[in-house]
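Containing mmCIF, C-alpha atoms: final22.cif.
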data_query
#
loop_
_atom_site.label_atom_id
_atom_site.label_comp_id
_atom_site.auth_asym_id
_atom_site.auth_seq_id
_atom_site.Cartn_x
_atom_site.Cartn_y
_atom_site.Cartn_z
CA MET U 1 26.58 14.36 12.17
CA VAL U 2 25.06 10.88 12.21
CA THR U 3 24.76 9.01 8.90
CA PHE U 4 21.51 7.80 7.35
CA LYS U 5 22.54 4.18 7.85
CA THR U 6 23.17 4.79 11.55
CA ARG U 7 19.94 6.75 12.03
CA LEU U 8 17.90 4.01 10.38
CA SER U 9 19.59 1.24 12.34
CA LYS U 10 19.04 3.09 15.61
CA ILE U 11 15.28 3.46 15.22
CA ALA U 12 14.99 -0.11 13.88
CA LYS U 13 16.25 -1.45 17.21
CA THR U 14 13.05 -0.30 18.90
CA ASN U 15 10.54 0.07 16.05
CA GLY U 16 11.51 -2.95 13.99
CA THR U 17 12.63 -2.97 10.37
CA VAL U 18 9.41 -2.30 8.46
CA ILE U 19 9.44 0.58 5.96
CA LEU U 20 6.04 1.79 4.78
CA ALA U 21 5.82 2.12 0.99
CA ASN U 22 3.20 4.87 1.02
CA ASP U 23 2.49 4.39 -2.67
CA TYR U 24 -1.16 5.21 -3.34
CA ASP U 25 -2.43 5.20 -6.91
CA ILE U 26 -3.86 8.17 -8.77
CA SER U 27 -7.46 7.45 -7.72
CA VAL U 28 -6.73 8.22 -4.08
CA LYS U 29 -7.58 11.74 -2.98
CA ASN U 30 -6.12 13.80 -0.12
CA LEU U 31 -2.66 12.22 -0.51
CA GLU U 32 -1.05 14.61 1.95
CA ASN U 33 -3.58 14.00 4.72
CA LYS U 34 -3.66 10.23 4.19
CA THR U 35 0.12 10.04 4.31
CA ILE U 36 0.35 12.13 7.47
CA GLN U 37 -2.36 10.05 9.12
CA ASN U 38 -0.46 6.88 8.22
CA ILE U 39 2.64 8.26 9.91
CA LYS U 40 0.73 9.20 13.04
CA LYS U 41 -1.08 5.86 13.31
CA LEU U 42 1.64 3.46 12.21
CA HIS U 43 4.89 5.07 13.38
CA PRO U 44 5.42 2.79 16.42
CA TYR U 45 5.77 -0.13 14.00
CA LEU U 46 7.90 1.57 11.33
CA CYS U 47 11.49 2.74 10.99
CA ALA U 48 10.97 4.74 7.78
CA ILE U 49 8.50 5.79 5.12
CA LYS U 50 9.15 5.53 1.37
CA LEU U 51 7.51 7.89 -1.10
CA ASN U 52 7.47 6.92 -4.77
CA PHE U 53 7.61 9.19 -7.84
CA HIS U 54 3.91 8.78 -8.57
CA LEU U 55 3.01 10.03 -5.09
CA LEU U 56 5.46 12.92 -5.13
CA LEU U 57 4.41 14.33 -8.51
CA PRO U 58 0.85 15.39 -7.51
CA LEU U 59 2.17 17.08 -4.35
CA GLY U 60 3.78 20.50 -4.08
CA ARG U 61 6.91 21.50 -2.18
CA LYS U 62 4.90 22.64 0.84
CA GLU U 63 2.99 19.36 1.08
CA ILE U 64 6.08 17.19 0.71
CA MET U 65 7.95 19.14 3.38
CA LYS U 66 5.00 18.80 5.75
CA ILE U 67 5.10 15.03 5.25
CA THR U 68 8.87 14.72 5.82
CA LYS U 69 8.71 16.99 8.87
CA THR U 70 5.91 14.90 10.34
CA ALA U 71 7.89 11.71 9.73
CA HIS U 72 10.92 13.19 11.47
CA LYS U 73 8.75 14.40 14.35
CA TYR U 74 7.79 10.76 14.97
CA GLY U 75 11.36 9.54 14.55
CA LEU U 76 11.04 8.02 11.07
CA GLN U 77 13.54 8.27 8.23
CA THR U 78 12.30 9.35 4.80
CA ILE U 79 13.24 7.72 1.49
CA ALA U 80 12.59 9.16 -1.99
CA ASP U 81 12.00 6.24 -4.31
CA ILE U 82 12.62 7.80 -7.72
CA LYS U 83 15.02 5.22 -9.21
CA LEU U 84 17.46 8.07 -9.91
CA ASN U 85 19.54 7.42 -13.02
CA ASP U 86 21.14 10.25 -14.98
CA ILE U 87 24.33 12.17 -15.65
CA GLY U 88 26.27 13.51 -12.70
CA ASN U 89 25.02 17.09 -12.81
CA THR U 90 21.37 16.00 -12.99
CA ASN U 91 21.88 13.57 -10.12
CA ARG U 92 23.46 16.33 -8.04
CA VAL U 93 20.72 18.88 -8.68
CA THR U 94 18.01 16.28 -8.07
CA THR U 95 19.41 15.14 -4.75
CA GLU U 96 20.04 18.70 -3.58
CA ASN U 97 16.34 19.34 -4.07
CA LEU U 98 15.40 16.10 -2.31
CA TRP U 99 17.56 16.96 0.70
CA ASP U 100 15.95 20.42 0.83
CA LEU U 101 12.55 18.72 0.87
CA GLY U 102 13.60 16.77 3.95
CA PHE U 103 14.48 13.36 2.52
CA ASP U 104 17.11 11.23 4.21
CA ALA U 105 17.89 8.89 1.33
CA VAL U 106 17.24 8.24 -2.35
CA ILE U 107 16.76 5.00 -4.27
CA ALA U 108 18.85 5.02 -7.45
CA ASN U 109 19.33 2.81 -10.49
CA PRO U 110 22.99 1.73 -10.84
CA ILE U 111 22.63 1.40 -14.61
CA MET U 112 23.98 4.99 -14.60
CA GLY U 113 27.45 3.43 -14.30
CA LEU U 114 29.97 2.99 -11.54
CA ASP U 115 31.65 6.41 -11.80
CA SER U 116 28.34 8.28 -11.64
CA LEU U 117 27.22 6.08 -8.77
CA ARG U 118 30.41 6.79 -6.84
CA ASN U 119 29.91 10.54 -7.27
CA LEU U 120 26.29 10.27 -6.16
CA VAL U 121 27.25 8.37 -3.01
CA LYS U 122 30.09 10.79 -2.23
CA SER U 123 27.79 13.79 -2.54
CA ALA U 124 25.03 12.19 -0.46
CA HIS U 125 27.38 11.12 2.31
CA GLN U 126 28.83 14.62 2.53
CA ASN U 127 25.30 15.69 3.47
CA GLN U 128 24.75 12.76 5.85
CA LYS U 129 22.23 11.31 3.42
CA GLY U 130 21.89 7.80 2.05
CA VAL U 131 21.87 6.04 -1.32
CA ILE U 132 20.07 2.73 -1.87
CA THR U 133 20.54 1.08 -5.27
CA LEU U 134 18.49 -1.44 -7.20
CA CYS U 135 19.92 -4.94 -7.34
CA HIS U 136 16.94 -7.16 -8.16
CA MET U 137 13.30 -6.04 -8.05
CA SER U 138 10.27 -7.96 -6.77
CA ALA U 139 8.03 -8.19 -9.86
CA PRO U 140 8.12 -11.54 -11.73
CA GLU U 141 9.25 -9.82 -14.95
CA ALA U 142 12.35 -8.53 -13.15
CA LYS U 143 14.03 -11.82 -14.09
CA LEU U 144 13.98 -10.74 -17.75
CA SER U 145 16.47 -7.96 -17.04
CA TYR U 146 18.19 -8.48 -13.69
CA ASP U 147 18.98 -12.13 -14.46
CA LEU U 148 20.55 -11.29 -17.82
CA GLU U 149 23.97 -12.82 -18.31
CA ILE U 150 26.57 -10.22 -19.18
CA LYS U 151 30.28 -10.35 -19.90
CA MET U 152 32.74 -7.68 -18.84
CA LYS U 153 35.82 -8.93 -17.03
CA LYS U 154 33.89 -12.11 -16.32
CA LYS U 155 30.54 -13.69 -17.05
CA GLN U 156 27.89 -12.90 -14.47
CA GLN U 157 24.26 -11.93 -14.14
CA LEU U 158 23.27 -8.27 -14.10
CA TYR U 159 22.19 -8.28 -10.45
CA GLN U 160 25.59 -9.67 -9.49
CA LEU U 161 27.29 -6.77 -11.27
CA PHE U 162 24.96 -4.32 -9.52
CA LEU U 163 25.89 -5.89 -6.17
CA ASP U 164 29.61 -5.54 -6.99
CA TRP U 165 29.11 -1.89 -7.91
CA ALA U 166 27.11 -1.26 -4.73
CA LEU U 167 29.97 -2.61 -2.64
CA THR U 168 32.61 -0.72 -4.61
CA ALA U 169 30.71 2.58 -4.44
CA LYS U 170 29.90 2.01 -0.74
CA VAL U 171 26.19 2.59 -1.04
CA ASP U 172 24.10 2.27 2.11
CA GLY U 173 21.90 -0.53 0.85
CA ILE U 174 20.48 -2.46 -2.07
CA VAL U 175 16.94 -3.38 -3.12
CA VAL U 176 16.34 -7.11 -3.58
CA GLY U 177 12.74 -8.27 -3.98
CA ALA U 178 11.18 -10.42 -1.26
CA THR U 179 9.99 -12.74 -4.04
CA PHE U 180 13.56 -13.88 -4.70
CA PRO U 181 14.86 -15.22 -1.34
CA LYS U 182 17.71 -17.18 -2.95
CA ILE U 183 19.08 -13.97 -4.44
CA ILE U 184 18.75 -12.30 -1.04
CA GLN U 185 20.83 -15.16 0.40
CA TYR U 186 23.48 -14.67 -2.27
CA CYS U 187 23.68 -10.92 -1.72
CA SER U 188 23.66 -11.23 2.07
CA LYS U 189 26.49 -13.75 2.04
CA LYS U 190 28.63 -11.67 -0.31
CA ALA U 191 27.90 -8.26 1.23
CA GLY U 192 28.06 -9.23 4.90
CA LYS U 193 27.70 -6.11 7.03
CA ASN U 194 28.98 -3.77 4.33
CA LEU U 195 25.50 -2.80 3.19
CA SER U 196 21.86 -3.38 4.12
CA ILE U 197 19.29 -5.28 2.06
CA PHE U 198 15.87 -3.67 1.53
CA SER U 199 13.15 -6.04 0.31
CA PRO U 200 9.83 -4.96 -1.21
CA GLY U 201 7.17 -7.47 -2.25
CA VAL U 202 6.02 -8.96 1.07
CA GLY U 203 2.38 -10.03 1.09
CA THR U 204 0.55 -8.74 -1.98
CA GLN U 205 3.33 -9.73 -4.41
CA GLY U 206 3.84 -13.09 -2.73
CA GLY U 207 6.93 -12.56 -0.59
CA ASN U 208 6.97 -14.15 2.87
CA ALA U 209 8.34 -11.96 5.66
CA ASN U 210 9.84 -14.80 7.70
CA ASP U 211 11.49 -16.37 4.65
CA VAL U 212 13.20 -13.19 3.53
CA ILE U 213 14.27 -12.25 7.06
CA LEU U 214 15.89 -15.66 7.44
CA SER U 215 17.48 -15.23 4.00
CA GLY U 216 19.29 -12.10 5.15
CA THR U 217 17.03 -9.12 4.49
CA ASN U 218 17.63 -6.20 6.84
CA TYR U 219 14.54 -4.11 6.04
CA LEU U 220 11.06 -5.01 4.79
CA ILE U 221 9.47 -2.50 2.41
CA VAL U 222 5.71 -3.03 2.65
CA GLY U 223 3.00 -1.06 0.88
CA ARG U 224 -0.31 -2.51 -0.31
CA THR U 225 -0.29 -5.30 2.29
CA ILE U 226 -0.67 -2.59 4.93
CA LEU U 227 -2.43 0.17 3.00
CA ASN U 228 -5.19 -2.05 1.57
CA SER U 229 -5.86 -3.92 4.80
CA LYS U 230 -9.06 -3.32 6.77
CA THR U 231 -6.84 -3.33 9.87
CA PRO U 232 -3.57 -1.67 8.78
CA ILE U 233 -2.36 -1.16 12.35
CA ASN U 234 -2.71 -4.88 13.10
CA VAL U 235 -0.85 -5.84 9.92
CA ALA U 236 1.94 -3.35 10.61
CA LYS U 237 2.16 -4.56 14.20
CA GLU U 238 2.48 -8.22 13.15
CA LEU U 239 5.21 -7.41 10.63
CA HIS U 240 6.90 -5.30 13.29
CA PHE U 241 7.09 -8.24 15.69
CA GLN U 242 8.25 -10.58 12.91
CA SER U 243 11.09 -8.19 12.09
CA LEU U 244 12.18 -8.00 15.73
CA ARG U 245 12.34 -11.78 16.08
CA LYS U 246 15.14 -12.24 13.54
#

Please express the file's structure as structure tokens.
Amino acid sequence: MVTFKTRLSKIAKTNGTVILANDYDISVKNLENKTIQNIKKLHPYLCAIKLNFHLLLPLGRKEIMKITKTAHKYGLQTIADIKLNDIGNTNRVTTENLWDLGFDAVIANPIMGLDSLRNLVKSAHQNQKGVITLCHMSAPEAKLSYDLEIKMKKKQQLYQLFLDWALTAKVDGIVVGATFPKIIQYCSKKAGKNLSIFSPGVGTQGGNANDVILSGTNYLIVGRTILNSKTPINVAKELHFQSLRK
């Protein structure tokens, strides 16, 4: 069967590299219907949809499966953004449930350790699913943790260690915030074509789509910039064309 990385790359060739972060807050009602309508309206300009923990928790199994089936019907990949980080058995049980719900990939936190990460990737790839790991997040306070200097075999910053682990474990991609283009450049140069870079934070958080694309980002993860717009289709369309021009 075809891998997640290949499936995502294939649709991105025609639909561009924008991933919708469908992350509504708790005040929004009718989450299932709103999400399905977003897929139906925006799918020509998306390659995937990302669903965060806080959106998944209010929904039941039936609702989540309806969302993932709709996404697949329109050719989109589905990503569970739960920052997975636990012991091996918990990771295995969690991902088995996510795959049953129709997800194509999971976002995980590599702080679990290299051995656990390797096992997670191995298990996911056996099911033709993907693993995307955190490397450096988009919020300003991310610098307080991801820029920490650590010493193992050598001195380096935490995000550099996470990049090394991502390459060693052969994950499908890493998350690097669009608000840190220089770190995207560093990761892109070191990783080459061995993994993809997924960048949240365009627009509302201050990231510039053109800047991060030129820095080496492969996929733009965009949420509030689209969801809170009065013309979400126009915003998605513009980002779509920007992503195709790289």

Nearby residues (all atoms listed in the file) at most 8 Å from Gly102 of chain U, same-chain spacing under 6 positions excluded, as an MDAnalysis selection string: chainID U and resid 65 68:69 78

Taking 3 positions as the minimum chain separation for residues in the same chain, which residues sit within 7 Å of segment 205-219 of chain U when counting all atoms listed in the file? Answer as a PyMOL selection string. chain U and resi 17-19+178-179+181+184-185+188+196-199+201-202+242+246

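Picked by the PyMOL selection byres ((chain U and resi 174) around 7) from the coordinates shown: U:Ile132, U:Thr133, U:Leu134, U:Cys135, U:Gly173, U:Val175, U:Val176, U:Ser196, U:Ile197, U:Phe198.
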
Here is a test: counting all atoms listed in the file, which residue of U:Arg92, U:Phe4, U:His72, U:Cys47 is nearest to Leu220 of chain U? U:Cys47

When you count all atoms listed in the file, which of these residues is closest to Tyr74 of chain U: U:Gly192, U:Pro44, U:Pro140, U:Gly203?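 The shortest atom-to-atom distance to Tyr74 of chain U comes from U:Pro44.
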
Using only C-alpha atoms, which protein or nucleic acid residues come within 10 Å of Ser123 of chain U? Drop anything in the same chain fewer than 5 positions from it, and give the result as a VMD selection string. chain U and resid 91 to 92 95 to 96 117 to 118 128 to 131

Considering only C-alpha atoms, return as a ChimeraX atom specification whatever protein or nucleic-acid residues lie within 7 Å of segment 54-59 of chain U, sequence-local ones (same chain, fewer than 4 positions apart) excluded. /U:23-24,63-64

Evaluate the PyMOL selection byres ((chain U and resi 113) around 12) and record the selected residues as a VMD selection string, following the chain and residue labels used in the document. chain U and resid 84 to 88 108 to 112 114 to 120 133 161 to 162 164 to 166 168 to 169

Reference answer for the PyMOL selection byres ((chain U and resi 106) around 6), as a count of residues only: 6

Mind pulling up the distance from atom CA of Ala191 of chain U to atom CA of Glu149 of chain U?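 That distance, rounded to one decimal, is 20.4 Å.
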
Pick out the closest residue to Gly223 of chain U from this set: U:Asn22, U:Phe53, U:Ile183, U:Lys170. Count all atoms listed in the file. U:Asn22

Which is closest to Met137 of chain U among U:Ile221, U:Ala124, U:Ala71, U:Met152, if we use only C-alpha atoms?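 With only C-alpha atoms as the atom set, the closest residue is U:Ile221.
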
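Taking atom CA of Gly177 of chain U and atom CA of Pro200 of chain U as the two end points, the separation is 5.2 Å.
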
Can you pull out the residues contacting Lys237 of chain U? Cut-off 9 Å, using all atoms listed in the file, and skip same-chain residues under 6 positions away; I want them as a PDB file with C-alpha atoms, keeping the file's coordinate frame.
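The result, stored in result_20.pdb:
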ATOM      1  CA  LEU U  42       1.640   3.460  12.210  1.00  0.00           C
ATOM      2  CA  PRO U  44       5.420   2.790  16.420  1.00  0.00           C
ATOM      3  CA  TYR U  45       5.770  -0.130  14.000  1.00  0.00           C
ATOM      4  CA  LEU U  46       7.900   1.570  11.330  1.00  0.00           C
TER       5      LEU U  46
END

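Distance-wise, atom CA of Gln160 of chain U and atom CA of Tyr146 of chain U end up 8.6 Å apart.
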
For segment 188-222 of chain U, where the input has fewer atoms than it should, I would like N, CA and C atoms rebuilt and written as an mmCIF file, in the coordinates of the input.
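Result file follows (selection-v1.cif):
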data_model
loop_
_atom_site.group_PDB
_atom_site.id
_atom_site.type_symbol
_atom_site.label_atom_id
_atom_site.label_comp_id
_atom_site.auth_asym_id
_atom_site.auth_seq_id
_atom_site.Cartn_x
_atom_site.Cartn_y
_atom_site.Cartn_z
ATOM 1 N N SER U 188 23.336 -11.334 0.653
ATOM 2 C CA SER U 188 23.660 -11.230 2.070
ATOM 3 C C SER U 188 24.996 -11.876 2.391
ATOM 4 N N LYS U 189 25.231 -13.032 1.802
ATOM 5 C CA LYS U 189 26.490 -13.750 2.040
ATOM 6 C C LYS U 189 27.681 -12.971 1.499
ATOM 7 N N LYS U 190 27.520 -12.388 0.311
ATOM 8 C CA LYS U 190 28.630 -11.670 -0.310
ATOM 9 C C LYS U 190 28.862 -10.302 0.327
ATOM 10 N N ALA U 191 27.784 -9.629 0.707
ATOM 11 C CA ALA U 191 27.900 -8.260 1.230
ATOM 12 C C ALA U 191 28.249 -8.228 2.710
ATOM 13 N N GLY U 192 27.822 -9.244 3.457
ATOM 14 C CA GLY U 192 28.060 -9.230 4.900
ATOM 15 C C GLY U 192 27.423 -8.018 5.543
ATOM 16 N N LYS U 193 28.202 -7.300 6.338
ATOM 17 C CA LYS U 193 27.700 -6.110 7.030
ATOM 18 C C LYS U 193 28.056 -4.817 6.296
ATOM 19 N N ASN U 194 28.545 -4.949 5.077
ATOM 20 C CA ASN U 194 28.980 -3.770 4.330
ATOM 21 C C ASN U 194 27.829 -2.931 3.780
ATOM 22 N N LEU U 195 26.683 -3.556 3.607
ATOM 23 C CA LEU U 195 25.500 -2.800 3.190
ATOM 24 C C LEU U 195 24.257 -3.532 3.657
ATOM 25 N N SER U 196 23.133 -2.808 3.687
ATOM 26 C CA SER U 196 21.860 -3.380 4.120
ATOM 27 C C SER U 196 21.034 -3.806 2.915
ATOM 28 N N ILE U 197 20.175 -4.810 3.118
ATOM 29 C CA ILE U 197 19.290 -5.280 2.060
ATOM 30 C C ILE U 197 17.862 -4.833 2.379
ATOM 31 N N PHE U 198 17.235 -4.167 1.406
ATOM 32 C CA PHE U 198 15.870 -3.670 1.530
ATOM 33 C C PHE U 198 14.994 -4.493 0.593
ATOM 34 N N SER U 199 13.956 -5.137 1.134
ATOM 35 C CA SER U 199 13.150 -6.040 0.310
ATOM 36 C C SER U 199 11.686 -5.634 0.231
ATOM 37 N N PRO U 200 11.254 -5.177 -0.954
ATOM 38 C CA PRO U 200 9.830 -4.960 -1.210
ATOM 39 C C PRO U 200 9.194 -6.267 -1.681
ATOM 40 N N GLY U 201 7.856 -6.315 -1.677
ATOM 41 C CA GLY U 201 7.170 -7.470 -2.250
ATOM 42 C C GLY U 201 6.602 -8.445 -1.233
ATOM 43 N N VAL U 202 6.612 -8.090 0.058
ATOM 44 C CA VAL U 202 6.020 -8.960 1.070
ATOM 45 C C VAL U 202 4.505 -8.876 0.997
ATOM 46 N N GLY U 203 3.839 -10.027 1.033
ATOM 47 C CA GLY U 203 2.380 -10.030 1.090
ATOM 48 C C GLY U 203 1.736 -10.028 -0.278
ATOM 49 N N THR U 204 1.319 -8.866 -0.740
ATOM 50 C CA THR U 204 0.550 -8.740 -1.980
ATOM 51 C C THR U 204 1.264 -9.354 -3.183
ATOM 52 N N GLN U 205 2.572 -9.177 -3.269
ATOM 53 C CA GLN U 205 3.330 -9.730 -4.410
ATOM 54 C C GLN U 205 3.794 -11.162 -4.178
ATOM 55 N N GLY U 206 3.536 -11.686 -2.974
ATOM 56 C CA GLY U 206 3.840 -13.090 -2.730
ATOM 57 C C GLY U 206 5.032 -13.377 -1.847
ATOM 58 N N GLY U 207 5.780 -12.345 -1.462
ATOM 59 C CA GLY U 207 6.930 -12.560 -0.590
ATOM 60 C C GLY U 207 6.513 -12.873 0.837
ATOM 61 N N ASN U 208 7.250 -13.761 1.492
ATOM 62 C CA ASN U 208 6.970 -14.150 2.870
ATOM 63 C C ASN U 208 7.974 -13.470 3.805
ATOM 64 N N ALA U 209 7.460 -12.743 4.783
ATOM 65 C CA ALA U 209 8.340 -11.960 5.660
ATOM 66 C C ALA U 209 9.361 -12.836 6.383
ATOM 67 N N ASN U 210 8.916 -13.939 6.962
ATOM 68 C CA ASN U 210 9.840 -14.800 7.700
ATOM 69 C C ASN U 210 10.922 -15.377 6.793
ATOM 70 N N ASP U 211 10.526 -15.777 5.588
ATOM 71 C CA ASP U 211 11.490 -16.370 4.650
ATOM 72 C C ASP U 211 12.584 -15.383 4.284
ATOM 73 N N VAL U 212 12.182 -14.141 3.972
ATOM 74 C CA VAL U 212 13.200 -13.190 3.530
ATOM 75 C C VAL U 212 14.058 -12.699 4.693
ATOM 76 N N ILE U 213 13.475 -12.621 5.883
ATOM 77 C CA ILE U 213 14.270 -12.250 7.060
ATOM 78 C C ILE U 213 15.340 -13.304 7.319
ATOM 79 N N LEU U 214 14.933 -14.576 7.241
ATOM 80 C CA LEU U 214 15.890 -15.660 7.440
ATOM 81 C C LEU U 214 16.916 -15.717 6.317
ATOM 82 N N SER U 215 16.552 -15.229 5.138
ATOM 83 C CA SER U 215 17.480 -15.230 4.000
ATOM 84 C C SER U 215 18.529 -14.132 4.101
ATOM 85 N N GLY U 216 18.279 -13.136 4.960
ATOM 86 C CA GLY U 216 19.290 -12.100 5.150
ATOM 87 C C GLY U 216 18.830 -10.680 4.936
ATOM 88 N N THR U 217 17.540 -10.481 4.656
ATOM 89 C CA THR U 217 17.030 -9.120 4.490
ATOM 90 C C THR U 217 17.161 -8.334 5.790
ATOM 91 N N ASN U 218 17.527 -7.074 5.675
ATOM 92 C CA ASN U 218 17.630 -6.200 6.840
ATOM 93 C C ASN U 218 16.372 -5.366 7.054
ATOM 94 N N TYR U 219 15.717 -4.967 5.944
ATOM 95 C CA TYR U 219 14.540 -4.110 6.040
ATOM 96 C C TYR U 219 13.450 -4.589 5.097
ATOM 97 N N LEU U 220 12.211 -4.642 5.602
ATOM 98 C CA LEU U 220 11.060 -5.010 4.790
ATOM 99 C C LEU U 220 10.367 -3.749 4.293
ATOM 100 N N ILE U 221 10.213 -3.616 2.985
ATOM 101 C CA ILE U 221 9.470 -2.500 2.410
ATOM 102 C C ILE U 221 8.068 -3.013 2.084
ATOM 103 N N VAL U 222 7.069 -2.491 2.772
ATOM 104 C CA VAL U 222 5.710 -3.030 2.650
ATOM 105 C C VAL U 222 4.739 -1.897 2.333
#
